[in-house]
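Encoded as structure tokens, the structure appears first; notes follow it.
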Amino acid sequence: MDGVVVRFTVNGEAAAVRVEPDWTLLRALREGLELTGAKEGCGAGECGACTVIVDGRAVNACLFPAVEAEGAAITTIEGVAAADGSLHPLQRAFLDSGAVQCGFCTPGMVLSAKALLDRTPRPTEDEIRTALAGNLCRCTGYVQIIEAVQAAAEEMSG
Amino acid sequence: MTAYACVGQPLPKADGIEKITGRTVYMHDFKLPGMLHGRIKFADRVSARIVSIDTSEAERVPGVRAVITAHNTPEVRFGFLKDNTALKKDRVRQYRDEIAAVAATTPEAAEEAVRKIRVVYEDLPAVFDPEEALGPDAPLVHEADPRGKPLEDNRLRLPWKVEAGDLEQGEAAAVHVAEGEYDVGWVTHCCMGTSGCVAVFDGRGDLTVYSNTQIPSLAKTDFQEALKAMGVRGRVRVVNAAIGGGFGSKLDTYAYEYIAILLAHRTRRPVKVEFDREEEFVATSPRQPARIRVRQGCDADGRLTFRHISMVLDNGAYTSWGATTPTVMMMPATSLYRVPNVRFEATCVYTNNTYCQAMRGYGTPQVTFAIETNLDELADKAGLDPYEMRLRNANEPGETTPQGFEVTTCGHRECLEAVAERLDWAGKRGQGEGGGRKRRGVGMACLLHVGGGAKIYKSDGCGTLIKMDDQGYVDVFSGSMDIGQGLDTVLRQIVAETLGIGTDRVNVIVGDTDVCPWDVGVHASRSTFVAGNAALGAARMIRDQILAFAEQLTEAPREILDLRDGQVVCQEDPSKNLPLEKLLYKAHFAKTGNTMFMASHFYEPDTRLLAGDFKGNYSGTYTWGCHGVEVEVDVDTGHVEIVRYVAAHDVGRAINPLLLKGQVYGAVLMGIGYALTEEMIFEQGRLRNANFRDYKILTARDAVPVETVIVETDDPAGPFGAKGIGEPGLVPTAPAIANAIYDAVGVRLHTLPMKPEVVLRALLDRDGGPGPA
């Protein structure tokens with residue numbers, strides 16, 4: 001494969017991935033780095049299953065050109081728990097609130113919520129709903145997901 | 001009711017940690033060494049003769065390993081009436097017809113090759129309206145049945161009719177009658193993970209299909225039949241990856257799976273076929289649409305005297321489970337409320353539209369919309385409060401319904417009362433009309449669903465194997481499947497409770513037909529009840545084995561021994577208590593008579609196959625519920641806002657209230673989508689909104705804080721008293737909302753979705769045309 005090498009950090013570690021110019025960040029992560037936690041649910045930026053955090057912003061990795069990630073700091077679901085495996089408060093809250101059913105939307109949902117809490121530690125319910133509006137879920141009706149984000153926000157801001 | 005250690009606890013979902021950390025392997029993530037990528041060439045015409053298929057250019061694309069058509073592969077028939085084939089030979093009947101398929105080393109090569117397949121068609125007349133399709137001059141969708149016998153019309157030969165009591169007598173006894181036609185169209189599952197599979201043959205010719213099916217055992221049978229048609233003498237194994245949403249979409253096998261098998265056989269390589277989102281919309285089978293006519297009447301006191309329901313179903317071009325939804329629609333048609341004289345008849349018609357399948361509720365949301373909206377209209381005619389009308393006709397424990405359902409536990413009345421109280425029905429009803437742009441109203445609707453399996457197949461059973469190691473860890477092999485609903489957790493709770501151990505000691509293995517016993521599939525809200533009873537039966541056998549061994553060991557009589565907190569407990573002499581691990585070790589490594597504990601149980605509910613006159617008790621128990629909703633209607637825009645939502649369900653017993661609520665929340669929001677926003681827009685058989693921009697499923701901004709009421713009636717047939725609850729949560733949603741809209745603004749809506757333009761049009765029509773009110 002020809003392509004170009006893109007360098008960025010993923011979950012705190014430096015990474016270099018050879019990509020074709022038309023590759024999305026999602027493809028670079030899934031195929032180049034085997035970080036398959038981010039999912040392709042629509043490939044058109046409509047469902048949010050591919051959400052990852054790039055330089056603090058939740059983005060649809062299925063629309064984000066891989067080459068644009070040069071030098072960026074990226075967080076995927078694989079990097080949300082601590083290095084020792086202990087869960088992030090959001091992950092704990094998703095579990096305890098029953099916010100996970102089939103789980104396909106879960107990684108993207110957690111990352112959208114994390115981007116929100118990193119920016120707004122005590123969000124209102126309206127802010128939570130807005131932050132998650134780009135992440136579709138067909139199982140949960142979102143009720144327990146919203147509850148989980150509220151619980152995590154409460155725990156994290158003491 | 002008895003209190004339990006594990007049953008009734010709000011435990012997090014057992015596979016949640018894997019999912020929350022991104023480790024779970026879905027079909028999307030699954031790959032095998034040497035795997036090829038399959039892609040399908042779908043029809044460019046809706047109804048046409050295939051004159052020729054030229055694959056020569058496609059075959060020359062670098063990386064292509066096989067291009068198959070019906071001309072170079074054996075015919076593989078599938079579907080409930082075997083009227084569909086994996087690849088179409090001389091005729092296309094719908095836009096999703098599969099004409100050819102490619103296997104290539106990369107998805108890009110497969111896609112390029114598909115683009116280079118040239119098909120020459122000769123257009124044929126098409127028909128898209130089911131009633132037109134019944135006309136004498138309608139073009140035939142199928143000229144012959146699968147055996148080659150010529151067909152004279154588009155009507156399917158399906159015997160969907162049930163009758164009980166005396167309809168004419170019921171009509172004569174009626175003082176008030178309401179009649180109406182209700183039209184519900186296509187909606188689709190929108191699983192967040194798209195469909196796909198990987199097929200691979202080993203050196204012996206044995207086939208493994210890595211799948212996301214809801215029916216591992218039946219899919220195995222289907223694929224075995226395909227091998228027979230292909231002249232392959234191998235056996236079949238179906239192994240499931242994690243499933244990114246089911247909702248009924250994976251209750252039948254699809255052409256793409258047979259195509260993956262054909263490609264794998266041709267190339268001798270593993271082949272993956274995975275849909276993109278547009279294919280998922282177009283080429284999976286949606287909810288069955290229906291045009292439903294309801295006529296029902298009551299006496300002067302508001303007691304129902306008869307109900308007559310007839311309907312026409314657009315079957316689409318081929319036949320899957322959509323055509324069988326009337327067998328389940330019969331249930332609320334005959335048995336929701338006490339109505340002595342009933343008739344139900346349904347006609348399924350071939351058209352050139354997409355063909356339909358199971359979707360959460362399996363026909364009952366469609367028919368319940370018609371029944372429950374019409375019941376409100378009847379209450380109006382009788383001058384009764386719709387709540388009062390429903391109470392007067394509510395089902396009761398111990399009754400046998402006209403269709404022969406033997407009702408054991410029944411919390412119908414409790415559900416009604418809970419909704420009326422929570423919603424402040426008496427205070428809020430009838431306040432909507434009057435001035436102002438935004439008007440509020442309340443509505444309610446009830447549901448009846450199977451809660452103990454549904455014997456619509458020759459067996460409604462489920463097998464379970466359990467083995468226990470010598471340290472107290474238990475493996476439960478169930479034929480059922482976790483599709484996100486929480487079966488993995490519920491089985492852990494049931495087995496742990498029975499063996500007196502912690503749920504962390506119980507491992508549940510599902511989704512591998514080489515390892516797990518038979519099960520009819522994840523449908524009909526049956527898994528907690530049927531798979532739960534199967535696991536309970538096997539766990540009780542292990543319990544008996546352990547206690548028999550403990551009796552020898554402790555010399556205490558069996559009757560005073562119990563399993564609790566990981567111990568054999570002697571109720572009269574605690575000094576004889578024994579840690580379970582110690583007992584298991586002693587059993588395994590005894591000087592003589594070494595043993596380990598394992599058991600198998602096949603549970604078949606004591607029910608009658610629904611066939612013939614369609615009467616008899618076809619579920620082990622029945623689930624009841626009532627939903628109440630307060631809406632706010634903007635009379636200038638037609639927009640409907642949900643203000644409050646109360647969902648009360650008789651669940652028998654909540655094995656896991658956390659996951660149970662999740663089922664209700666999810667189902668209600670799916671039901672609100674059905675009611676207000678979701679529709680597949682077909683024009684001349686072509687789906688016009690095959691994406692999430694234009695097909696509107698609800699988002700976190702639309703989430704409704706549903707107030708759930710769990711009514712526990714402790715069903716004697718259920719595992720620890722439980723009934724099924726997977727589907728009921730969306731069954732009465734649309735009619736509850738329709739009835740609330742009527743209470744708010746006084747218009748009756750008979751079609752779904754009740755999107756703003758529909759509501760506004762109804763308001764304008766009532767008020768005499770457009771213009772300011």
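Ordered as shown in the structure tokens, chains take letters A, B, and onward, while each chain numbers its residues from 1 and ligands are numbered from 1 in the order shown.
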*Can you tell me, as a ChimeraX atom specification, what residues are no more than 7 Å from region 386-401 of chain B when counting only C-alpha atoms, ignoring any on the same chain fewer than 5 positions away?*
/B:302-304,335,337-338,376,379,406-410,412-413
*Enumerate the residues of region 36-152 of chain A with a DSSP assignment of alpha helix (DSSP H), computed from the backbone, and present them as a PyMOL selection string.*
chain A and resi 89-96+106-119+125-132+143-152
*Could you tell me which of B:Phe344, B:Phe42, B:Tyr665, B:Phe720 comes closest to chain A if we count only C-alpha atoms?*
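Counting only C-alpha atoms, the residue closest to chain A is B:Tyr665.
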What are the closest atom pairs, with distances in Å to one decimal, for all residues of chain A lying within 8 Å of chain B? Consider only C-alpha atoms, order rows by chain and residue number, and present the result as CSV.
```
residue,atom,partner,partner_atom,distance
A:Thr36,CA,B:Asp29,CA,6.5
A:Gly37,CA,B:Gly22,CA,4.1
A:Ala38,CA,B:Gly22,CA,7.4
A:Lys39,CA,B:His28,CA,7.7
A:Glu40,CA,B:Gly193,CA,7.9
A:Gly41,CA,B:Met192,CA,5.7
A:Cys42,CA,B:Arg277,CA,5.0
A:Gly43,CA,B:Arg277,CA,7.5
A:Glu46,CA,B:Phe692,CA,6.0
A:Cys47,CA,B:Phe692,CA,7.2
A:Ala49,CA,B:Met192,CA,7.8
A:Ile77,CA,B:Gly22,CA,5.8
A:Glu78,CA,B:Thr21,CA,5.9
A:Val80,CA,B:Thr21,CA,7.5
A:Ala81,CA,B:Thr21,CA,7.2
A:Gln91,CA,B:Ile20,CA,6.0
A:Phe94,CA,B:Ile20,CA,7.6
A:Leu95,CA,B:Pro12,CA,5.6
A:Asp96,CA,B:Pro12,CA,5.4
A:Ser97,CA,B:Pro12,CA,7.4
A:Gly98,CA,B:Pro12,CA,6.0
A:Ala99,CA,B:Gly662,CA,7.6
A:Val100,CA,B:Gly16,CA,6.3
A:Gln101,CA,B:Gly484,CA,4.3
A:Cys102,CA,B:Gly484,CA,3.7
A:Gly103,CA,B:Lys19,CA,5.5
A:Phe104,CA,B:Gly244,CA,5.2
A:Cys105,CA,B:Met192,CA,6.7
A:Thr106,CA,B:Ile20,CA,6.3
A:Pro107,CA,B:Gly22,CA,6.0
A:Val110,CA,B:Ile20,CA,7.9
A:Asp126,CA,B:Arg701,CA,7.9
A:Arg129,CA,B:Arg701,CA,5.0
A:Thr130,CA,B:Arg701,CA,6.2
A:Leu132,CA,B:Ala700,CA,5.9
A:Ala133,CA,B:Ala700,CA,5.0
A:Gly134,CA,B:Thr699,CA,7.4
A:Asn135,CA,B:Thr699,CA,7.4
A:Leu136,CA,B:Thr699,CA,5.9
A:Cys137,CA,B:Met192,CA,6.9
A:Arg138,CA,B:Cys191,CA,6.5
A:Cys139,CA,B:Gly666,CA,5.0
A:Thr140,CA,B:Gly666,CA,4.1
A:Gly141,CA,B:Gly666,CA,4.0
A:Tyr142,CA,B:Ala700,CA,5.7
A:Val143,CA,B:Pro705,CA,6.2
A:Gln144,CA,B:Gly662,CA,7.2
A:Ile146,CA,B:Ala700,CA,8.0
```
*Mind listing the strand (DSSP E or B) residues of region 8-142 of chain A, per DSSP on the backbone, as a VMD selection string?*
chain A and resid 8 to 10 13 to 19 24 51 to 54 57 to 60 65 73 to 75
_Residue contacts of region 64-68 of chain A (6 Å, only C-alpha atoms) excluding same-chain residues fewer than 5 positions away, as a PyMOL selection string_ = chain A and resi 6+23-25
*Using only C-alpha atoms, pick whichever of B:Glu678, B:Glu421, B:Glu559, B:Asp512 has the shortest atom-to-atom distance to Ala241 (chain B).*
B:Asp512
*asked:* Nearest residue to Thr368 (chain B) out of B:Thr334, B:Thr106, B:Ser52, B:Ser211, using only C-alpha atoms?
replied: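 Smallest separation from Thr368 (chain B) among the options: B:Thr334.
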_Selection: 7 Å around Gly411 (chain B), only C-alpha atoms, excl. self and same-chain fewer than 3 positions, as a list in words_ =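 Using only C-alpha atoms, the neighbours found are Glu414, Cys415, Trp624, Asp650, Val711 and Thr713 of chain B.
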*asked:* Please determine, counting only C-alpha atoms, which residue among B:Gly63, B:Arg343, B:Ala178, B:Leu262 has the shortest atom-to-atom distance to Ala382 (chain B).
replied: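 Using only C-alpha atoms, Ala382 (chain B) sits closest to B:Ala178.
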*Rank B:Glu632, B:Asp202, B:Tyr355, B:Tyr182 by their smallest atom-to-atom distance to Arg748 (chain B), using only C-alpha atoms, and report the top residue only.*
B:Tyr182
